[in-house]
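These notes are about the structure you will find just below.
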Amino acid sequence: MKLKFIVGLAVLLMATQAHALSTSDVTLGGNDADSYAQANNANSFADIQGMAKIGEVRNNGGGTTATQTIDGITYTFSITAYDAPKGDLAYGTWLLSWSGNTEDLLADFVLVISGQGSDVEYRFGDVTLAAGPAGYPDNYFLVSIANGSGASNLSFLDLYVGNLRAAGDEPSPVPEPTTMLLFGAGLLGLAGMSRRKN
C-alpha cells in the first residue's frame, strides 16, 4: 500500500511540473525508451514503416484495450490514463501482454503518443517476450506535448511491433568508425614495415 502511495505521489509531482520531452516519459518493463522523435503527423515516423500495428487506445472513461494477433502471437495493449486539469500534463499507465509463443523472443516496439497537434514516438529495441502467456504491466507514460494554452492532453496511443526474432538471434555488432580507422592504420603500418625490409 505504501509503495502504491509513493508511486502515485511521484507521478502526481511529475505531472504538475513543467516537462520537456525525454526518453523517461515512457517506460516498458521498467526501462526508459531508447530514443524518441517528434512530428506533426505520426505517419511520417520512419521507425513505424514496416512494423505491424497492435492497436490504438484512447482515454475513454478510464482507458481502452486493443488486441491483435501478429505472426501467431496475440498481443493485448491497454491504458489507464489521467487527463490532468488545464495547464498540467496528462499521464497514465499502459499494459502489454502476449500469448502464443512457446519460446523466448525479441522484438522492437514503438509507442506513439498523440497530443493536440503533435505526435511523439518512443522506441524500445530488443524487448524480451518471454514464452507466453506473459506481459509487462504498469508501464508509465507522460504526455509532454503542450498545446497553445499550455495543457498537454492525450488524444491516443498507438503501439507497433516489428523485427520479431528468436532470443538467441542477436544481430552482429557493426564495427565503429574508430575501430575501423585503427585497423586501417595498423594495415598501413604493416605495409610500411614490409617496404623497409625490402
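If you're wondering about the labels, chains in the C-alpha cells are A, B, ... by order shown, residues count from 1 in each chain, ligands from 1 in order shown.
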- How would you write, as a VMD selection string, the set of residues in region 25-144 of chain A that DSSP gives as strand (DSSP E or B)? chain A and resid 26 to 28 31 to 32 35 to 39 52 to 57 65 to 70 73 to 82 89 to 99 105 to 114 119 to 129 134 to 143
- Neighbour list for region 61-76 of chain A as a ChimeraX atom specification, cut-off 12 Å, only C-alpha atoms, skip fewer than 3 positions in-chain: /A:51-58,79-83,91-105,107,109,129-137,154-165
- For CA of Phe141 (chain A) and CA of Gly125 (chain A), determine how far apart the two atoms are, in Å to one decimal place.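 Here the two named atoms are 17.2 Å from each other.
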- Between CA of Ala90 (chain A) and CA of Leu142 (chain A), what is the distance, to one decimal in Å?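 Taking CA of Ala90 (chain A) as the start and CA of Leu142 (chain A) as the end point, the length is 6.1 Å.
The interatomic distance for the pair CA of Val120 (chain A) and CA of Ile145 (chain A) works out to 8.0 Å.
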